[in-house]
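Trainee: Have a look at this one before I ask anything.
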Amino acid sequence: MADLPLLSIVTFAPLVGALVIAFAPARWARLLALATALATWLVSLYAVTRFDPALSGFQLVEEVSWIPLFGIEYKLGTDGLALVLVVLTTTLTWISILASFKPIQTRIKEYMVSFLILEVGMVGVFLALDTFLFYIFWEVVLVPMYLIIGIWGGANRIYATIKFVLYTLVGSLLMLVAILATAFAFQEANGGSWVGAFDFEVLRAHAATAGFGDALQMLAFAAFFLAFAIKIPMVPFHTWLPDAHVEAPTAGSVILAGILLKLGGYGFIRYNLALYPDAAQAYAPLIVLLSVIAIIYGAIVAMVQPDLKKLVAYSSVSHMGFVTLGIFIFQPQAMDGAILQMVNHGLITGALFLLVGVIYERTHDRTIAKMGGLAGLTPVYAAVFGFFVFASAGLPGLSGFVGEFLALLGTFVVNPWAAGVAALVMILGAAYLLWMFQRVVFGEPSEFLLGIRSHLSDMTPTEILTLAPLGALVVVFGLFPGILLDLIGGSVTSALDAVGHGSAISVDPLVPAVGLGIVVAAVIVQLANALFGGGGAGEDQPGEAAPEGAS
């Protein structure tokens, strides 16, 4: 067992399962997909047992020459950060596949194949240690998610998929240019040799010693930043997210919120800080400001949403603001909090989207105003929904509290003003979540619910099974966050050591002032439109979405 290529197995086992499903009868697709996802999950858990948090650097490394002419390799490896996110990915994948059994009734085989290929891309992004290989996996993620939303999504799914693809492609193509520019710069600095030009570990060592030029750092950092900021998504690059969430099938929304958003946070820590430390120091104040804006903006816009799914989507914008805030404060506790927040957000928001899907399957509506009185009709659903709402609001003892608390604690050490504003917005976050919960669950059953009462059943055993593991992890990580902190400790130290070698590059003050002015203007326009403009073009109106699984 010691010689098994564990990381390759975790990465490509879903692809093997997808190929089997492609040639198997359609009636077997669901069970084969679930079996594949569960097997991949078990292998990822075994990889955790083989990982030693006391050791520094990457472990379980697999390295094979791929394109030797340019020094490109097939190289996989993991540290604590990557391993935690891989296990999160494999966990949410099998849960999402199980949750799709009933809602997805058309093109089942194609759906399951798409979902498993999506898992290949997501796991590969976290494990790739060659920048070219990383880019390949990054692009692989785009295609199956495009299909999942575009084929099995809601009424405006085509608009949402095109918007999602265009945003993502703009960022990723610029990132490819930055990857190539960095490789050329390394090759030129090493006497024309391409050996190591795409090797992340070699590039990180070069950045920490000789370093890349100021111009390259500033431009390459900006290109990587744009790709990751769109994915996370940061304000004002977030506008694809609500449309994609609203139109995606439930399982697609779970993966979007639980994993795809984390690709951006992972990229910031892995690439922006390690390869361009001087640029990271120069850009950090602007990114901290954007993070605070995102925290405020997401909370305000979520509060006025009439659609339950869109409210949860905008809450992600606010919650992920704590991630970028914790990363770019460059403080150990804040970085710990940012990584914990990524994991906890995946668990909690993934569960909330599952719960939105549960009620949508029964009502084919997500309008908050129509849902009053669910506690009297579906008491189990109301109790489970309340548990995850309180977790999202940051109730102490549940995992949602720990990540945001550490991020704020670390931020306060460096920037008390930013921490103070973010802490006040946490109150606003609790307000909109509890107000939504009150309107949906309490009071007398609404006329709408009474009209469909005959088929408004409570949660099924399968639905409870999809949520039970997430609830258990929310409690375990809330009471024992050290389980995760021990795993990610080396990754946090490595990231902060890398950026600590940098010193901010001098920039003409006019440049960031103009850029910030443009961003603030864009945010004000978007906020005004969200608060006073009503539904924009292509936005799904509550109650008009097509049934899940539409093709």
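Numbering starts fresh at 1 for the residues of each chain in the structure tokens, the chains themselves are lettered A, B, ... in the order given, and ligands are numbered from 1 as they appear.
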Enumerate as a PyMOL selection string all residues of range 7-153 of chain A assigned to strand (DSSP E) by DSSP on the backbone, naming them with the chain letters and numbers the document uses.
Mentor: chain A and resi 59-67+72-78
Trainee: Near Glu444 in chain A, within 12 Å and counting only C-alpha atoms, which residues show up once chain neighbours fewer than 5 positions away are dropped, as a list in words?
Mentor: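 The residues that qualify are Lys370, Met371, Gly372, Gly373, Leu374, Ala375, Gly376, Leu377, Gln438, Arg439, Leu449 and Leu450 of chain A.
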Trainee: Residues of range 154-251 of chain A that have any atom at most 8 Å from an atom of range 269-292 of chain A: could you tabulate them with the shortest-distance atom pair and the distance in Å to one decimal, using only C-alpha atoms, ordered by chain and increasing number, as a tab-separated table?
Mentor:
```
residue	atom	partner	partner_atom	distance
A:Leu203	CA	A:Leu275	CA	6.7
A:Arg204	CA	A:Leu275	CA	5.4
A:Ala207	CA	A:Leu275	CA	5.5
A:Ala208	CA	A:Leu275	CA	7.9
A:Phe212	CA	A:Tyr276	CA	7.4
A:Asp214	CA	A:Ala279	CA	7.5
A:Gln217	CA	A:Tyr276	CA	5.3
A:Met218	CA	A:Ala279	CA	5.2
A:Ala220	CA	A:Tyr276	CA	7.8
A:Phe221	CA	A:Asn272	CA	5.9
A:Phe224	CA	A:Asn272	CA	6.8
A:Phe225	CA	A:Asn272	CA	7.1
A:Met234	CA	A:Ser291	CA	7.2
A:Val235	CA	A:Leu290	CA	6.8
```
Trainee: For all heavy atoms, I'd like the residues from the last selection saved as a compact mmCIF listing (two decimals), in the first residue's frame.
Mentor:
```txt
# COMPACT_ATOMS: atom_id res chain seq x y z
N LEU A 203 9.68 27.19 -8.72
CA LEU A 203 9.32 28.61 -8.89
C LEU A 203 9.19 29.31 -7.55
O LEU A 203 9.60 30.47 -7.39
CB LEU A 203 8.01 28.72 -9.67
CG LEU A 203 8.05 28.27 -11.14
CD1 LEU A 203 6.64 28.28 -11.72
CD2 LEU A 203 8.97 29.15 -11.96
N ARG A 204 8.63 28.62 -6.56
CA ARG A 204 8.50 29.22 -5.23
C ARG A 204 9.87 29.49 -4.62
O ARG A 204 10.08 30.56 -4.01
CB ARG A 204 7.68 28.30 -4.33
CG ARG A 204 7.45 28.86 -2.92
CD ARG A 204 6.58 27.93 -2.09
NE ARG A 204 7.21 26.63 -1.87
CZ ARG A 204 6.69 25.67 -1.13
NH1 ARG A 204 5.52 25.85 -0.53
NH2 ARG A 204 7.32 24.52 -0.98
N ALA A 207 11.32 32.49 -6.35
CA ALA A 207 10.67 33.73 -5.90
C ALA A 207 11.19 34.16 -4.53
O ALA A 207 11.28 35.36 -4.24
CB ALA A 207 9.16 33.54 -5.84
N ALA A 208 11.56 33.19 -3.69
CA ALA A 208 12.03 33.50 -2.34
C ALA A 208 13.49 33.91 -2.31
O ALA A 208 13.95 34.48 -1.31
CB ALA A 208 11.84 32.29 -1.43
N PHE A 212 11.31 37.44 -8.97
CA PHE A 212 10.96 37.90 -10.31
C PHE A 212 10.96 39.43 -10.33
O PHE A 212 10.83 40.09 -9.29
CB PHE A 212 9.59 37.37 -10.70
CG PHE A 212 9.54 35.87 -10.84
CD1 PHE A 212 8.97 35.08 -9.84
CD2 PHE A 212 10.08 35.25 -11.95
CE1 PHE A 212 8.92 33.71 -9.96
CE2 PHE A 212 10.04 33.86 -12.08
CZ PHE A 212 9.47 33.10 -11.08
N ASP A 214 9.94 43.38 -10.86
CA ASP A 214 8.78 44.10 -10.33
C ASP A 214 7.62 44.16 -11.32
O ASP A 214 6.46 43.93 -10.96
CB ASP A 214 9.18 45.53 -9.94
CG ASP A 214 10.04 45.58 -8.69
OD1 ASP A 214 10.24 44.51 -8.07
OD2 ASP A 214 10.53 46.67 -8.34
N GLN A 217 5.96 40.79 -11.63
CA GLN A 217 5.19 40.48 -10.43
C GLN A 217 3.86 41.23 -10.41
O GLN A 217 2.80 40.64 -10.14
CB GLN A 217 6.00 40.83 -9.17
CG GLN A 217 7.10 39.85 -8.84
CD GLN A 217 7.45 39.89 -7.35
OE1 GLN A 217 6.57 39.85 -6.50
NE2 GLN A 217 8.73 39.97 -7.06
N MET A 218 3.90 42.50 -10.70
CA MET A 218 2.66 43.29 -10.64
C MET A 218 1.64 42.82 -11.67
O MET A 218 0.44 42.68 -11.37
CB MET A 218 2.99 44.77 -10.88
CG MET A 218 3.80 45.41 -9.76
SD MET A 218 2.97 45.43 -8.15
CE MET A 218 1.72 46.68 -8.42
N ALA A 220 1.64 39.78 -13.41
CA ALA A 220 1.27 38.37 -13.21
C ALA A 220 0.37 38.21 -11.99
O ALA A 220 -0.60 37.44 -12.02
CB ALA A 220 2.52 37.52 -13.07
N PHE A 221 0.67 38.93 -10.93
CA PHE A 221 -0.20 38.90 -9.75
C PHE A 221 -1.61 39.33 -10.13
O PHE A 221 -2.60 38.71 -9.73
CB PHE A 221 0.36 39.79 -8.65
CG PHE A 221 -0.45 39.77 -7.38
CD1 PHE A 221 -0.05 39.01 -6.30
CD2 PHE A 221 -1.63 40.50 -7.25
CE1 PHE A 221 -0.78 38.97 -5.12
CE2 PHE A 221 -2.38 40.48 -6.08
CZ PHE A 221 -1.96 39.71 -5.01
N PHE A 224 -3.37 36.50 -12.16
CA PHE A 224 -3.80 35.42 -11.26
C PHE A 224 -4.94 35.90 -10.37
O PHE A 224 -5.92 35.18 -10.14
CB PHE A 224 -2.63 34.95 -10.40
CG PHE A 224 -1.81 33.85 -11.01
CD1 PHE A 224 -0.66 34.13 -11.72
CD2 PHE A 224 -2.18 32.52 -10.86
CE1 PHE A 224 0.11 33.12 -12.28
CE2 PHE A 224 -1.43 31.50 -11.40
CZ PHE A 224 -0.28 31.80 -12.12
N PHE A 225 -4.79 37.12 -9.86
CA PHE A 225 -5.81 37.66 -8.96
C PHE A 225 -7.16 37.73 -9.64
O PHE A 225 -8.18 37.37 -9.05
CB PHE A 225 -5.39 39.04 -8.46
CG PHE A 225 -6.46 39.75 -7.68
CD1 PHE A 225 -6.68 39.44 -6.34
CD2 PHE A 225 -7.28 40.70 -8.27
CE1 PHE A 225 -7.68 40.06 -5.62
CE2 PHE A 225 -8.28 41.33 -7.56
CZ PHE A 225 -8.47 41.01 -6.22
N MET A 234 -15.14 37.80 -5.71
CA MET A 234 -15.04 39.08 -5.01
C MET A 234 -15.86 40.13 -5.73
O MET A 234 -16.01 40.09 -6.95
CB MET A 234 -13.58 39.53 -4.96
CG MET A 234 -12.68 38.71 -4.04
SD MET A 234 -11.04 39.42 -3.89
CE MET A 234 -11.38 40.92 -2.96
N VAL A 235 -16.39 41.06 -4.97
CA VAL A 235 -17.04 42.23 -5.54
C VAL A 235 -15.94 43.08 -6.19
O VAL A 235 -14.89 43.29 -5.57
CB VAL A 235 -17.76 43.04 -4.44
CG1 VAL A 235 -18.34 44.32 -5.00
CG2 VAL A 235 -18.85 42.18 -3.80
```
Trainee: Might you pull out every residue within 9 Å of range 106-115 of chain A, with only C-alpha atoms counted and same-chain residues fewer than 3 positions away left off, and present them as a short mmCIF file (atom, residue, chain, number, x, y, z; two decimals) with N, CA and C atoms, in the first residue's frame?
Mentor:
```cif
data_model
loop_
_atom_site.label_atom_id
_atom_site.label_comp_id
_atom_site.auth_asym_id
_atom_site.auth_seq_id
_atom_site.Cartn_x
_atom_site.Cartn_y
_atom_site.Cartn_z
N PRO A 14 -12.66 9.03 -10.39
CA PRO A 14 -13.94 9.46 -10.96
C PRO A 14 -13.99 9.36 -12.47
N LEU A 15 -12.85 9.58 -13.14
CA LEU A 15 -12.82 9.46 -14.60
C LEU A 15 -13.05 8.02 -15.02
N GLY A 17 -14.76 5.83 -13.31
CA GLY A 17 -16.18 5.61 -13.08
C GLY A 17 -17.03 6.22 -14.18
N ALA A 18 -16.64 7.40 -14.66
CA ALA A 18 -17.39 8.05 -15.74
C ALA A 18 -17.35 7.22 -17.02
N LEU A 19 -16.20 6.64 -17.31
CA LEU A 19 -16.08 5.79 -18.51
C LEU A 19 -16.94 4.53 -18.39
N ILE A 21 -19.68 4.24 -16.59
CA ILE A 21 -21.08 4.67 -16.71
C ILE A 21 -21.44 4.93 -18.17
N ALA A 22 -20.49 5.49 -18.93
CA ALA A 22 -20.76 5.81 -20.33
C ALA A 22 -21.13 4.58 -21.15
N ALA A 24 -22.28 1.63 -19.65
CA ALA A 24 -23.21 0.78 -18.90
C ALA A 24 -24.65 1.19 -19.22
N PRO A 25 -25.61 0.33 -18.95
CA PRO A 25 -27.02 0.71 -19.13
C PRO A 25 -27.38 1.92 -18.27
N ALA A 26 -28.27 2.75 -18.77
CA ALA A 26 -28.63 4.00 -18.10
C ALA A 26 -29.21 3.75 -16.71
N ARG A 27 -29.90 2.61 -16.54
CA ARG A 27 -30.53 2.36 -15.24
C ARG A 27 -29.50 2.14 -14.12
N TRP A 28 -28.25 1.87 -14.48
CA TRP A 28 -27.21 1.67 -13.48
C TRP A 28 -26.44 2.96 -13.17
N ALA A 29 -26.72 4.03 -13.89
CA ALA A 29 -25.88 5.23 -13.81
C ALA A 29 -25.82 5.81 -12.40
N ARG A 30 -26.98 5.90 -11.74
CA ARG A 30 -27.01 6.51 -10.41
C ARG A 30 -26.15 5.73 -9.43
N LEU A 32 -23.78 3.46 -9.97
CA LEU A 32 -22.36 3.44 -10.34
C LEU A 32 -21.68 4.77 -9.99
N ALA A 33 -22.37 5.87 -10.22
CA ALA A 33 -21.80 7.18 -9.89
C ALA A 33 -21.62 7.32 -8.38
N LEU A 34 -22.61 6.90 -7.61
CA LEU A 34 -22.50 6.98 -6.16
C LEU A 34 -21.39 6.08 -5.65
N THR A 93 -19.07 15.70 -3.14
CA THR A 93 -19.41 15.08 -4.43
C THR A 93 -20.37 13.91 -4.24
N SER A 96 -23.73 15.19 -3.16
CA SER A 96 -24.45 15.84 -4.26
C SER A 96 -25.03 14.81 -5.22
N ILE A 97 -24.27 13.77 -5.49
CA ILE A 97 -24.78 12.72 -6.39
C ILE A 97 -25.99 12.02 -5.76
N PHE A 101 -30.51 11.93 -7.01
CA PHE A 101 -31.23 10.72 -7.44
C PHE A 101 -32.66 11.02 -7.86
N LEU A 118 -16.30 16.58 -13.40
CA LEU A 118 -16.13 17.79 -12.60
C LEU A 118 -15.28 17.51 -11.37
N GLU A 119 -15.49 16.37 -10.73
CA GLU A 119 -14.69 16.02 -9.56
C GLU A 119 -13.23 15.85 -9.94
N VAL A 120 -12.95 15.26 -11.10
CA VAL A 120 -11.57 15.12 -11.55
C VAL A 120 -10.88 16.49 -11.61
N VAL A 143 -16.01 22.89 -18.19
CA VAL A 143 -16.89 22.21 -19.16
C VAL A 143 -18.05 21.47 -18.49
N PRO A 144 -17.79 20.57 -17.53
CA PRO A 144 -18.93 19.87 -16.92
C PRO A 144 -19.88 20.79 -16.16
N MET A 145 -19.36 21.83 -15.52
CA MET A 145 -20.26 22.76 -14.83
C MET A 145 -21.12 23.52 -15.84
N LEU A 147 -22.19 22.27 -18.61
CA LEU A 147 -23.22 21.32 -19.02
C LEU A 147 -24.27 21.12 -17.93
N ILE A 148 -23.83 21.03 -16.68
CA ILE A 148 -24.75 20.78 -15.58
C ILE A 148 -25.77 21.91 -15.46
N ILE A 151 -27.87 22.25 -19.17
CA ILE A 151 -28.81 21.20 -19.56
C ILE A 151 -29.86 20.94 -18.48
N TRP A 152 -29.41 20.89 -17.23
CA TRP A 152 -30.34 20.51 -16.15
C TRP A 152 -30.75 21.68 -15.28
N GLY A 252 -25.69 21.15 -8.38
CA GLY A 252 -24.77 22.11 -9.00
C GLY A 252 -24.50 23.29 -8.10
N GLY A 549 -33.80 19.45 -13.36
CA GLY A 549 -33.60 18.33 -14.25
C GLY A 549 -34.16 18.58 -15.64
N ALA A 550 -34.64 19.82 -15.88
CA ALA A 550 -35.15 20.15 -17.21
C ALA A 550 -34.03 20.07 -18.21
N SER A 551 -34.36 19.67 -19.40
CA SER A 551 -33.33 19.58 -20.44
C SER A 551 -33.75 20.37 -21.67
#
```
Trainee: Counting only C-alpha atoms, what is within 12 Å of Gly357 in chain A, bar same-chain residues fewer than 6 positions away, as a PDB file with C-alpha atoms, in the first residue's frame?
Mentor:
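What landed in out.pdb:
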```pdb
ATOM      1  CA  SER A  96     -24.449  15.840  -4.256  1.00  0.00           C
ATOM      2  CA  ALA A  99     -29.108  14.293  -3.595  1.00  0.00           C
ATOM      3  CA  SER A 100     -29.563  14.144  -7.392  1.00  0.00           C
ATOM      4  CA  LYS A 102     -34.789  12.046  -7.384  1.00  0.00           C
ATOM      5  CA  PRO A 103     -34.530  15.554  -8.913  1.00  0.00           C
ATOM      6  CA  ILE A 104     -32.617  14.507 -12.046  1.00  0.00           C
ATOM      7  CA  HIS A 245     -26.794  29.538  -8.448  1.00  0.00           C
ATOM      8  CA  VAL A 246     -30.420  30.306  -9.212  1.00  0.00           C
ATOM      9  CA  GLU A 247     -30.398  28.407 -12.508  1.00  0.00           C
ATOM     10  CA  ALA A 248     -28.220  25.463 -11.437  1.00  0.00           C
ATOM     11  CA  PRO A 249     -29.818  22.246 -10.193  1.00  0.00           C
ATOM     12  CA  THR A 250     -29.491  21.798  -6.439  1.00  0.00           C
ATOM     13  CA  ALA A 251     -26.380  19.612  -6.614  1.00  0.00           C
ATOM     14  CA  GLY A 252     -24.772  22.106  -9.000  1.00  0.00           C
ATOM     15  CA  SER A 253     -25.343  24.900  -6.484  1.00  0.00           C
ATOM     16  CA  VAL A 254     -23.831  22.754  -3.722  1.00  0.00           C
ATOM     17  CA  LEU A 308     -34.536  31.917  -1.013  1.00  0.00           C
ATOM     18  CA  LYS A 309     -31.814  30.537  -3.257  1.00  0.00           C
ATOM     19  CA  VAL A 312     -28.091  32.090   0.119  1.00  0.00           C
ATOM     20  CA  GLY A 350     -23.761  23.395   0.732  1.00  0.00           C
ATOM     21  CA  ALA A 351     -26.297  22.170   3.289  1.00  0.00           C
ATOM     22  CA  THR A 363     -43.392  23.442  -4.132  1.00  0.00           C
ATOM     23  CA  HIS A 364     -41.545  24.358  -7.352  1.00  0.00           C
ATOM     24  CA  ASP A 365     -41.190  27.788  -5.805  1.00  0.00           C
ATOM     25  CA  ARG A 366     -38.558  29.594  -3.752  1.00  0.00           C
ATOM     26  CA  TYR A 381     -37.338  20.142   7.787  1.00  0.00           C
ATOM     27  CA  PHE A 385     -33.046  24.196   8.366  1.00  0.00           C
ATOM     28  CA  MET A 459     -37.964  15.122   4.695  1.00  0.00           C
ATOM     29  CA  GLU A 463     -32.615  13.713   2.180  1.00  0.00           C
ATOM     30  CA  THR A 466     -27.359  13.804   2.599  1.00  0.00           C
ATOM     31  CA  LEU A 467     -27.482  16.369   5.419  1.00  0.00           C
ATOM     32  CA  PRO A 547     -38.430  22.129 -12.620  1.00  0.00           C
ATOM     33  CA  GLU A 548     -35.008  20.754 -11.760  1.00  0.00           C
ATOM     34  CA  GLY A 549     -33.603  18.329 -14.252  1.00  0.00           C
TER      35      GLY A 549
END
```
Trainee: When DSSP is applied to the backbone of this structure, which of range 25-165 of chain A are assigned alpha helix (DSSP H)? Write them out as a PyMOL selection string.
Mentor: chain A and resi 29-50+80-99+108-127+131-152+157-165
Trainee: Calculated over only C-alpha atoms, which of the candidates A:Ile368, A:Val389, A:Val48, A:Leu325 has the smallest distance to Val414 in chain A?
Mentor: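 Ranked by minimum distance to Val414 in chain A, first place goes to A:Leu325.
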Trainee: Compare A:Gly386, A:Gly489, A:Gly429, A:Pro445 by their minimum atom-to-atom distance to Leu340 in chain A, counting only C-alpha atoms, and give me the closest one.
Mentor: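 Of A:Gly386, A:Gly489, A:Gly429, A:Pro445, the one nearest Leu340 in chain A, counting only C-alpha atoms, is A:Gly489.
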Trainee: Compare A:Ser56, A:Thr40, A:Thr131, A:Thr411 by their minimum atom-to-atom distance to Ile72 in chain A, counting only C-alpha atoms, and give me the closest one.
Mentor: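 Counting only C-alpha atoms, the residue closest to Ile72 in chain A is A:Thr131.
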Trainee: Hey, what's within 9 Å of Ala47 in chain A if we count only C-alpha atoms and toss same-chain stuff fewer than 5 positions away? As a list in words, please?
Mentor: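 Listing them by chain and then by number gives Leu6, Leu7, Val10, Leu42, Leu60 and Leu83 of chain A.
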Trainee: Can you write just those residues out, N, CA, C and O atoms, as a short mmCIF file (atom, residue, chain, number, x, y, z; two decimals), in the first residue's frame?
Mentor:
```
data_model
loop_
_atom_site.label_atom_id
_atom_site.label_comp_id
_atom_site.auth_asym_id
_atom_site.auth_seq_id
_atom_site.Cartn_x
_atom_site.Cartn_y
_atom_site.Cartn_z
N LEU A 6 -1.47 7.29 -4.51
CA LEU A 6 -2.74 7.66 -3.91
C LEU A 6 -3.36 8.90 -4.55
O LEU A 6 -4.57 8.96 -4.79
N LEU A 7 -2.53 9.89 -4.82
CA LEU A 7 -3.08 11.14 -5.34
C LEU A 7 -3.62 10.96 -6.75
O LEU A 7 -4.65 11.55 -7.11
N VAL A 10 -6.99 9.20 -6.36
CA VAL A 10 -8.05 10.13 -5.93
C VAL A 10 -8.47 11.02 -7.09
O VAL A 10 -9.65 11.32 -7.28
N LEU A 42 -13.35 7.45 0.13
CA LEU A 42 -12.62 6.57 1.05
C LEU A 42 -11.11 6.62 0.78
O LEU A 42 -10.31 6.62 1.73
N LEU A 60 3.45 12.77 -0.38
CA LEU A 60 2.82 11.85 -1.33
C LEU A 60 3.04 12.32 -2.77
O LEU A 60 2.18 12.16 -3.65
N LEU A 83 -4.97 18.93 1.12
CA LEU A 83 -5.59 17.69 1.57
C LEU A 83 -6.97 17.95 2.17
O LEU A 83 -7.94 17.22 1.90
#
```
Trainee: Between A:Val165, A:Ala189, A:Leu406, A:Ala495, which is the closest to Gly267 in chain A once you count only C-alpha atoms?
Mentor: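 Selected residue with least distance to Gly267 in chain A: A:Ala495.
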Trainee: Find the residues around Val195 in chain A up to 10 Å (only C-alpha atoms counted), leave out those fewer than 3 positions away in its own chain, and share them as a list in words.
Mentor: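 Returned residues: Pro68, Leu69, Phe70, Gly71, Ile72, Glu73, Ala183, Phe186, Gln187, Asn190, Gly192, Phe198, Asp199 and Val202 of chain A.
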Trainee: May I have the residues within 9 Å of Leu92 in chain A as number ranges by chain, using only C-alpha atoms and disregarding those fewer than 6 positions away in the same chain?
Mentor: A: 254-255, 258-259, 346-347, 350, 470
Trainee: Could those residues be written to a file, using N, CA, C and O atoms, as a PDB file, in the first residue's frame?
Mentor:
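New file again.pdb:
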```pdb
ATOM      1  N   VAL A 254     -24.648  23.251  -4.834  1.00  0.00           N
ATOM      2  CA  VAL A 254     -23.831  22.754  -3.722  1.00  0.00           C
ATOM      3  C   VAL A 254     -22.362  22.759  -4.102  1.00  0.00           C
ATOM      4  O   VAL A 254     -21.502  23.211  -3.327  1.00  0.00           O
ATOM      5  N   ILE A 255     -22.037  22.277  -5.292  1.00  0.00           N
ATOM      6  CA  ILE A 255     -20.641  22.231  -5.723  1.00  0.00           C
ATOM      7  C   ILE A 255     -20.111  23.627  -6.021  1.00  0.00           C
ATOM      8  O   ILE A 255     -18.952  23.948  -5.711  1.00  0.00           O
ATOM      9  N   GLY A 258     -19.760  25.061  -2.475  1.00  0.00           N
ATOM     10  CA  GLY A 258     -18.900  24.284  -1.590  1.00  0.00           C
ATOM     11  C   GLY A 258     -17.476  24.142  -2.060  1.00  0.00           C
ATOM     12  O   GLY A 258     -16.547  24.115  -1.241  1.00  0.00           O
ATOM     13  N   ILE A 259     -17.267  24.060  -3.384  1.00  0.00           N
ATOM     14  CA  ILE A 259     -15.934  23.777  -3.897  1.00  0.00           C
ATOM     15  C   ILE A 259     -15.427  24.841  -4.869  1.00  0.00           C
ATOM     16  O   ILE A 259     -14.320  25.368  -4.701  1.00  0.00           O
ATOM     17  N   GLY A 346     -18.127  25.714   2.893  1.00  0.00           N
ATOM     18  CA  GLY A 346     -18.495  24.613   2.016  1.00  0.00           C
ATOM     19  C   GLY A 346     -19.511  23.689   2.650  1.00  0.00           C
ATOM     20  O   GLY A 346     -20.477  23.254   1.999  1.00  0.00           O
ATOM     21  N   LEU A 347     -19.325  23.386   3.927  1.00  0.00           N
ATOM     22  CA  LEU A 347     -20.247  22.494   4.623  1.00  0.00           C
ATOM     23  C   LEU A 347     -21.603  23.145   4.850  1.00  0.00           C
ATOM     24  O   LEU A 347     -22.658  22.555   4.558  1.00  0.00           O
ATOM     25  N   GLY A 350     -23.339  24.562   1.492  1.00  0.00           N
ATOM     26  CA  GLY A 350     -23.761  23.395   0.732  1.00  0.00           C
ATOM     27  C   GLY A 350     -25.027  22.792   1.304  1.00  0.00           C
ATOM     28  O   GLY A 350     -25.954  22.428   0.568  1.00  0.00           O
ATOM     29  N   LEU A 470     -22.976  16.394   6.945  1.00  0.00           N
ATOM     30  CA  LEU A 470     -22.615  17.812   7.002  1.00  0.00           C
ATOM     31  C   LEU A 470     -22.905  18.376   8.390  1.00  0.00           C
ATOM     32  O   LEU A 470     -22.094  19.135   8.944  1.00  0.00           O
TER      33      LEU A 470
END
```
